[in-house]
>>> print(open('input.cif').read())   # mmCIF, C-alpha atoms
data_work
loop_
_atom_site.label_atom_id
_atom_site.label_comp_id
_atom_site.auth_asym_id
_atom_site.auth_seq_id
_atom_site.Cartn_x
_atom_site.Cartn_y
_atom_site.Cartn_z
CA MET A 590 96.39 119.69 93.94
CA SER A 591 96.73 120.36 97.68
CA ARG A 592 93.54 120.73 99.68
CA SER A 593 93.22 122.87 102.80
CA THR A 594 89.84 121.65 104.08
CA PRO A 595 89.76 118.97 106.80
CA LEU A 596 89.12 115.41 105.70
CA GLN A 597 85.50 114.34 105.97
CA ILE A 598 84.15 110.82 106.47
CA ARG A 599 80.63 109.47 106.20
CA ARG A 600 80.16 108.70 109.87
CA ARG A 601 82.02 108.86 113.18
CA LEU A 602 83.06 105.61 114.79
CA PRO A 603 82.11 105.20 118.45
CA ASN A 604 85.54 103.86 119.38
CA GLU A 605 88.73 105.18 117.80
CA ALA A 606 91.06 103.38 120.22
CA ALA A 607 91.29 100.08 118.37
CA VAL A 608 90.18 98.22 115.27
CA PRO A 609 89.31 94.55 115.77
CA GLU A 610 90.76 91.85 113.54
CA GLY A 611 88.18 91.02 110.89
CA ALA A 612 86.58 94.47 110.82
CA PRO A 613 85.34 95.53 107.36
CA SER A 614 87.98 97.34 105.34
CA THR A 615 85.83 100.47 105.06
CA GLU A 616 85.45 100.60 108.83
CA ILE A 617 89.22 100.36 109.21
CA VAL A 618 89.66 103.28 106.83
CA GLU A 619 87.03 105.30 108.70
CA TRP A 620 88.89 104.61 111.94
CA ALA A 621 92.18 105.73 110.37
CA VAL A 622 90.70 108.98 109.04
CA GLU A 623 89.01 109.72 112.35
CA ARG A 624 92.23 109.04 114.23
CA HIS A 625 94.70 110.85 111.96
CA GLY A 626 92.78 113.37 109.85
CA ASP A 627 95.12 115.44 107.70
CA GLY A 628 98.08 113.42 108.96
CA LEU A 629 96.99 110.48 106.80
CA VAL A 630 97.92 109.49 103.23
CA VAL A 631 97.39 106.38 101.14
CA LEU A 632 100.19 104.79 99.13
CA ALA A 633 99.12 103.51 95.71
CA SER A 634 101.23 101.66 93.16
CA PHE A 635 98.37 101.50 90.62
CA GLY A 636 99.06 97.84 89.89
CA ASP A 637 95.37 97.57 90.73
CA LEU A 638 92.77 99.94 92.12
CA VAL A 639 91.33 97.90 94.98
CA LEU A 640 92.88 99.90 97.81
CA VAL A 641 92.20 103.22 96.10
CA ASP A 642 88.55 102.30 95.60
CA VAL A 643 88.12 101.18 99.21
CA VAL A 644 89.65 104.38 100.58
CA MET A 645 87.87 106.72 98.17
CA SER A 646 84.51 105.11 98.98
CA VAL A 647 85.00 106.25 102.56
CA CYS A 648 86.93 109.51 102.26
CA PRO A 649 87.65 110.88 98.77
CA ASP A 650 89.85 113.66 100.17
CA VAL A 651 92.64 111.42 101.49
CA PRO A 652 95.81 112.33 99.55
CA VAL A 653 97.13 109.51 97.35
CA VAL A 654 100.91 109.16 97.08
CA PHE A 655 102.37 107.61 93.92
CA LEU A 656 106.12 106.95 93.77
CA ASP A 657 107.15 107.63 90.19
CA THR A 658 110.47 105.79 89.97
CA GLY A 659 111.10 106.75 86.35
CA PHE A 660 110.83 103.11 85.35
CA HIS A 661 107.11 102.40 85.49
CA PHE A 662 105.36 100.65 82.64
CA ALA A 663 103.41 103.02 80.41
CA GLU A 664 100.33 100.96 81.33
CA THR A 665 100.83 101.81 85.01
CA LEU A 666 100.99 105.53 84.30
CA GLU A 667 97.86 105.26 82.18
CA THR A 668 96.06 103.37 84.97
CA ALA A 669 97.04 106.13 87.40
CA ARG A 670 95.73 108.77 85.00
CA ARG A 671 92.43 106.96 84.54
CA ALA A 672 92.09 106.54 88.30
CA GLN A 673 92.68 110.25 88.87
CA VAL A 674 89.90 111.05 86.42
CA ARG A 675 87.48 108.50 87.86
CA TYR A 676 87.95 109.38 91.52
CA GLY A 677 89.12 112.99 91.36
CA LEU A 678 92.19 111.97 93.33
CA ASP A 679 94.29 114.38 95.32
CA LEU A 680 97.30 112.70 93.70
CA ARG A 681 100.74 113.48 95.07
CA VAL A 682 103.38 112.22 92.60
CA VAL A 683 106.76 111.91 94.30
CA ARG A 684 109.89 111.46 92.19
CA PRO A 685 113.49 110.59 93.04
CA ASP A 686 116.34 113.05 92.96
CA PRO A 687 117.30 113.77 89.32
CA GLU A 688 120.73 112.30 90.01
CA ALA A 689 119.39 109.17 91.75
CA ILE A 690 121.24 105.99 90.87
CA ASP A 691 119.47 103.18 89.06
CA LEU A 692 119.68 99.42 88.74
CA PHE A 693 121.88 99.58 85.66
CA ALA A 694 124.57 101.40 87.62
CA ALA A 695 124.18 99.94 91.10
CA GLY A 696 121.79 96.97 91.11
CA THR A 697 118.17 96.58 92.10
CA ALA A 698 118.55 97.03 95.87
CA GLU A 699 120.29 100.40 95.55
CA CYS A 700 117.86 101.44 92.83
CA CYS A 701 114.85 100.72 95.05
CA ALA A 702 116.48 102.55 97.96
CA ALA A 703 117.09 105.67 95.84
CA ARG A 704 113.89 105.63 93.78
CA LYS A 705 111.32 104.29 96.24
CA VAL A 706 112.49 104.37 99.85
CA GLU A 707 114.00 107.87 99.88
CA PRO A 708 111.08 109.46 98.01
CA MET A 709 108.68 107.65 100.36
CA ASP A 710 110.50 109.13 103.35
CA ARG A 711 109.98 112.60 101.86
CA ALA A 712 106.32 111.89 101.09
CA LEU A 713 105.66 110.90 104.70
CA ALA A 714 107.46 113.85 106.29
CA GLY A 715 105.02 115.58 108.62
CA ARG A 716 102.47 112.75 108.44
CA THR A 717 101.34 110.54 111.30
CA ALA A 718 100.05 107.51 109.38
CA TRP A 719 99.71 105.90 105.97
CA ILE A 720 97.45 103.30 104.38
CA SER A 721 98.97 100.45 102.40
CA GLY A 722 97.59 97.64 100.26
CA LEU A 723 99.63 94.83 101.82
CA ARG A 724 97.81 91.47 101.85
CA ARG A 725 98.81 88.30 103.68
CA SER A 726 98.12 86.24 100.58
CA ASP A 727 100.65 88.21 98.48
CA HIS A 728 103.45 85.84 99.45
CA PRO A 729 104.63 83.89 102.55
CA GLY A 730 106.76 86.78 103.79
CA ARG A 731 103.58 88.82 104.28
CA GLY A 732 101.64 86.01 105.92
CA SER A 733 101.44 87.71 109.32
CA VAL A 734 100.84 91.32 108.22
CA PRO A 735 98.74 93.01 110.93
CA ILE A 736 95.81 95.31 110.25
CA ILE A 737 97.45 98.08 112.30
CA ASP A 738 101.23 98.29 112.44
CA ALA A 739 104.06 100.74 113.09
CA ASP A 740 106.68 101.44 110.43
CA ARG A 741 110.39 102.08 110.94
CA ARG A 742 109.68 105.83 111.23
CA GLY A 743 107.28 105.28 114.13
CA LEU A 744 104.28 106.18 111.97
CA GLU A 745 101.10 104.16 112.14
CA LYS A 746 100.67 101.92 109.11
CA ILE A 747 97.16 100.75 108.31
CA ASN A 748 96.60 97.68 106.12
CA PRO A 749 92.80 97.55 105.65
CA ILE A 750 92.80 94.69 103.12
CA ALA A 751 95.46 92.59 104.84
CA ASP A 752 93.08 89.66 105.31
CA TRP A 753 91.70 89.66 101.75
CA ASP A 754 92.52 86.58 99.68
CA ASP A 755 92.75 86.55 95.89
CA ALA A 756 89.15 85.43 95.47
CA THR A 757 87.93 88.35 97.58
CA VAL A 758 89.98 90.76 95.47
CA ASP A 759 88.66 89.33 92.20
CA ARG A 760 85.08 89.50 93.44
CA TYR A 761 85.51 93.10 94.59
CA VAL A 762 86.99 94.14 91.24
CA GLU A 763 84.07 92.63 89.37
CA GLU A 764 81.34 93.89 91.69
CA ARG A 765 82.73 97.44 91.74
CA GLY A 766 83.56 97.55 88.05
CA LEU A 767 87.11 98.68 88.74
CA ILE A 768 89.61 99.83 86.15
CA VAL A 769 91.93 96.88 85.46
CA HIS A 770 95.64 97.31 84.77
CA PRO A 771 96.22 96.01 81.21
CA LEU A 772 99.23 93.88 82.23
CA SER A 773 97.26 92.03 84.90
CA VAL A 774 95.40 90.15 82.15
CA GLN A 775 98.71 89.27 80.48
CA GLY A 776 100.04 87.16 83.36
CA TYR A 777 101.53 89.91 85.52
CA GLU A 778 100.08 89.34 88.98
CA SER A 779 102.41 91.85 90.66
CA ILE A 780 103.48 94.90 88.71
CA GLY A 781 106.52 96.99 89.55
CA CYS A 782 109.12 98.67 87.34
CA TRP A 783 109.59 97.39 83.80
CA PRO A 784 113.28 96.36 84.06
CA CYS A 785 112.56 94.13 87.09
CA THR A 786 109.09 92.74 86.43
CA GLU A 787 108.13 89.65 84.45
CA PRO A 788 104.87 87.71 84.17
CA GLY A 789 104.38 85.37 87.10
CA ALA A 790 102.07 84.18 89.85
CA GLY A 791 101.92 86.18 93.07
CA ARG A 792 105.15 88.15 93.39
CA SER A 793 107.28 85.59 91.56
CA GLY A 794 107.71 87.96 88.64
CA ARG A 795 109.24 90.71 90.76
CA TRP A 796 113.05 90.82 90.67
CA ALA A 797 112.99 87.47 88.87
CA GLY A 798 116.16 85.53 89.50
CA GLU A 799 116.99 87.44 92.68
CA ALA A 800 116.46 86.34 96.26
CA ARG A 801 114.25 89.27 97.24
CA ALA A 802 110.53 89.95 97.32
CA GLU A 803 110.34 93.50 98.75
CA CYS A 804 111.58 96.90 97.59
CA GLY A 805 112.14 98.30 101.08
CA ILE A 806 109.21 100.67 101.54
CA HIS A 807 107.48 98.15 103.79
CA SER A 808 110.57 97.38 105.90
#
>>> encode(input="input.cif", output="structure tokens")
Amino acid sequence: MSRSTPLQIRRRLPNEAAVPEGAPSTEIVEWAVERHGDGLVVLASFGDLVLVDVVMSVCPDVPVVFLDTGFHFAETLETARRAQVRYGLDLRVVRPDPEAIDLFAAGTAECCAARKVEPMDRALAGRTAWISGLRRSDHPGRGSVPIIDADRRGLEKINPIADWDDATVDRYVEERGLIVHPLSVQGYESIGCWPCTEPGAGRSGRWAGEARAECGIHS
């Protein structure tokens, strides 16, 4: 459901010009809300709820974008539903064109472009920034992810948990009592669409057998 009231945060930061490396994730989110207001959204894949919990603990009115590719595991959709109930999310589900190609017809790269990248472009139209859950420890290709970045559209991209390692994530999940994706306890450490995801450490189970580790939304 769309909300017309301005986003509210718990406190105003004294300096909105920059966020130092190593700043607490909640402070980074506060900075982003203060800087962008209604121009801000958070992207959630619902493979886990760490990013959603961090953002909602600061500003529960930030819209949450979920890219429904049409190929998500049933467990992912259920995790999204449970999260919406728990947090009262302003959930914006964005779907591909009904005639969008898929991996069976055109391969995984074209499928991701049609079912993730293009819908993401539509979801970000009119926005000035978005929050992502990228972490440097996800895989070597993300090893230098900055806290504050610019995407290919020129929008500001905020990665408040970029410096979290796996132990920090596990501790946060336990301490906050977060909802856990059912597949994450079955050996799936990174959860995408069911035709392309297998159990595996890190992102090794994504597009197994292919020389790729990203879908394109973070390019």
>>> resolve_selection(input="input.cif", expression="the PyMOL selection byres ((chain A and resi 771-778) around 12)", output="count of residues only")
35
>>> resolve_selection(input="input.cif", expression="the PyMOL selection byres ((chain A and resi 751) around 12)", output="PyMOL selection string")
chain A and resi 610-614+617+639-640+720-728+731-738+746-750+752-755+757-758
>>> atom_distance(input="input.cif", atom1="atom CA of A:Arg675", atom2="atom CA of A:Val651")
14.9 Å
>>> residues_around(input="input.cif", residues="stretch 652-660 of chain A", least_positions_apart="3", cutoff="6 Å", atoms="only C-alpha atoms", output="list in words")
Val630, Val631, Leu632, Ala633, Asp679, Leu680, Arg681, Val682, Val683, Arg684, Arg704 and Cys782 of chain A
>>> closest_residue(input="input.cif", among="A:Leu744, A:Ala718, A:Ala703, A:Val674", to="A:Val622", atoms="all atoms listed in the file")
A:Ala718
>>> axis_aligned_box(input="input.cif", around="stretch 714-717 of chain A", padding_each_side="6 Å", output="lines of an AutoDock Vina configuration file")
center_x = 104.4
center_y = 113.1
center_z = 108.8
size_x = 18.1
size_y = 17.0
size_z = 17.0
>>> closest_residue(input="input.cif", among="A:Ala694, A:Trp719, A:Gln673, A:Glu707", to="A:Arg624", atoms="only C-alpha atoms")
A:Trp719
>>> resolve_selection(input="input.cif", expression="the PyMOL selection byres ((chain A and resi 743) around 12)", output="ChimeraX atom specification")
/A:710,713-719,738-742,744-746,808
>>> atom_distance(input="input.cif", atom1="atom CA of A:Leu629", atom2="atom CA of A:Ala712")
11.0 Å
>>> atom_distance(input="input.cif", atom1="atom CA of A:Pro708", atom2="atom CA of A:Val643")
24.4 Å
>>> closest_residue(input="input.cif", among="A:Ser634, A:Phe693, A:Val706, A:Arg760", to="A:His661", atoms="all atoms listed in the file")
A:Ser634
>>> decode(input="input.cif", residues="stretch 639-656 of chain A", atoms="N, CA, C and O atoms", output="PDB file, in the first residue's frame")
ATOM      1  N   VAL A 639      17.934  -9.888   7.288  1.00  0.00           N
ATOM      2  CA  VAL A 639      18.871  -9.021   7.998  1.00  0.00           C
ATOM      3  C   VAL A 639      18.717  -7.571   7.561  1.00  0.00           C
ATOM      4  O   VAL A 639      18.529  -6.671   8.387  1.00  0.00           O
ATOM      5  N   LEU A 640      18.810  -7.303   6.272  1.00  0.00           N
ATOM      6  CA  LEU A 640      18.714  -5.926   5.797  1.00  0.00           C
ATOM      7  C   LEU A 640      17.356  -5.325   6.130  1.00  0.00           C
ATOM      8  O   LEU A 640      17.271  -4.175   6.572  1.00  0.00           O
ATOM      9  N   VAL A 641      16.294  -6.084   5.901  1.00  0.00           N
ATOM     10  CA  VAL A 641      14.954  -5.583   6.207  1.00  0.00           C
ATOM     11  C   VAL A 641      14.851  -5.206   7.675  1.00  0.00           C
ATOM     12  O   VAL A 641      14.321  -4.141   8.027  1.00  0.00           O
ATOM     13  N   ASP A 642      15.364  -6.045   8.560  1.00  0.00           N
ATOM     14  CA  ASP A 642      15.282  -5.765   9.992  1.00  0.00           C
ATOM     15  C   ASP A 642      16.075  -4.516  10.360  1.00  0.00           C
ATOM     16  O   ASP A 642      15.612  -3.691  11.148  1.00  0.00           O
ATOM     17  N   VAL A 643      17.261  -4.368   9.791  1.00  0.00           N
ATOM     18  CA  VAL A 643      18.078  -3.188  10.073  1.00  0.00           C
ATOM     19  C   VAL A 643      17.345  -1.921   9.654  1.00  0.00           C
ATOM     20  O   VAL A 643      17.240  -0.954  10.420  1.00  0.00           O
ATOM     21  N   VAL A 644      16.810  -1.919   8.425  1.00  0.00           N
ATOM     22  CA  VAL A 644      16.140  -0.726   7.917  1.00  0.00           C
ATOM     23  C   VAL A 644      14.858  -0.436   8.703  1.00  0.00           C
ATOM     24  O   VAL A 644      14.600   0.702   9.095  1.00  0.00           O
ATOM     25  N   MET A 645      14.062  -1.458   8.952  1.00  0.00           N
ATOM     26  CA  MET A 645      12.795  -1.247   9.653  1.00  0.00           C
ATOM     27  C   MET A 645      13.006  -0.799  11.092  1.00  0.00           C
ATOM     28  O   MET A 645      12.155  -0.101  11.655  1.00  0.00           O
ATOM     29  N   SER A 646      14.136  -1.169  11.703  1.00  0.00           N
ATOM     30  CA  SER A 646      14.409  -0.726  13.068  1.00  0.00           C
ATOM     31  C   SER A 646      14.675   0.765  13.138  1.00  0.00           C
ATOM     32  O   SER A 646      14.552   1.384  14.198  1.00  0.00           O
ATOM     33  N   VAL A 647      15.029   1.350  12.001  1.00  0.00           N
ATOM     34  CA  VAL A 647      15.310   2.782  11.929  1.00  0.00           C
ATOM     35  C   VAL A 647      14.109   3.546  11.390  1.00  0.00           C
ATOM     36  O   VAL A 647      13.685   4.558  11.947  1.00  0.00           O
ATOM     37  N   CYS A 648      13.564   3.065  10.281  1.00  0.00           N
ATOM     38  CA  CYS A 648      12.473   3.776   9.608  1.00  0.00           C
ATOM     39  C   CYS A 648      11.522   2.763   8.986  1.00  0.00           C
ATOM     40  O   CYS A 648      11.748   2.304   7.865  1.00  0.00           O
ATOM     41  N   PRO A 649      10.455   2.404   9.689  1.00  0.00           N
ATOM     42  CA  PRO A 649       9.538   1.378   9.184  1.00  0.00           C
ATOM     43  C   PRO A 649       8.694   1.802   7.997  1.00  0.00           C
ATOM     44  O   PRO A 649       7.955   0.976   7.452  1.00  0.00           O
ATOM     45  N   ASP A 650       8.795   3.049   7.575  1.00  0.00           N
ATOM     46  CA  ASP A 650       8.010   3.515   6.433  1.00  0.00           C
ATOM     47  C   ASP A 650       8.760   3.453   5.108  1.00  0.00           C
ATOM     48  O   ASP A 650       8.175   3.776   4.062  1.00  0.00           O
ATOM     49  N   VAL A 651      10.025   3.059   5.110  1.00  0.00           N
ATOM     50  CA  VAL A 651      10.759   2.972   3.845  1.00  0.00           C
ATOM     51  C   VAL A 651      10.116   1.887   2.975  1.00  0.00           C
ATOM     52  O   VAL A 651       9.962   0.753   3.419  1.00  0.00           O
ATOM     53  N   PRO A 652       9.727   2.204   1.742  1.00  0.00           N
ATOM     54  CA  PRO A 652       9.150   1.178   0.868  1.00  0.00           C
ATOM     55  C   PRO A 652      10.152   0.062   0.584  1.00  0.00           C
ATOM     56  O   PRO A 652      11.352   0.314   0.400  1.00  0.00           O
ATOM     57  N   VAL A 653       9.667  -1.170   0.553  1.00  0.00           N
ATOM     58  CA  VAL A 653      10.495  -2.339   0.287  1.00  0.00           C
ATOM     59  C   VAL A 653      10.116  -2.906  -1.074  1.00  0.00           C
ATOM     60  O   VAL A 653       8.957  -3.278  -1.308  1.00  0.00           O
ATOM     61  N   VAL A 654      11.088  -2.971  -1.978  1.00  0.00           N
ATOM     62  CA  VAL A 654      10.861  -3.481  -3.327  1.00  0.00           C
ATOM     63  C   VAL A 654      11.266  -4.953  -3.388  1.00  0.00           C
ATOM     64  O   VAL A 654      12.370  -5.326  -2.984  1.00  0.00           O
ATOM     65  N   PHE A 655      10.355  -5.775  -3.889  1.00  0.00           N
ATOM     66  CA  PHE A 655      10.625  -7.198  -4.095  1.00  0.00           C
ATOM     67  C   PHE A 655      10.395  -7.510  -5.565  1.00  0.00           C
ATOM     68  O   PHE A 655       9.307  -7.270  -6.103  1.00  0.00           O
ATOM     69  N   LEU A 656      11.417  -8.029  -6.237  1.00  0.00           N
ATOM     70  CA  LEU A 656      11.320  -8.379  -7.644  1.00  0.00           C
ATOM     71  C   LEU A 656      10.802  -9.811  -7.760  1.00  0.00           C
ATOM     72  O   LEU A 656      11.532 -10.773  -7.511  1.00  0.00           O
TER      73      LEU A 656
END
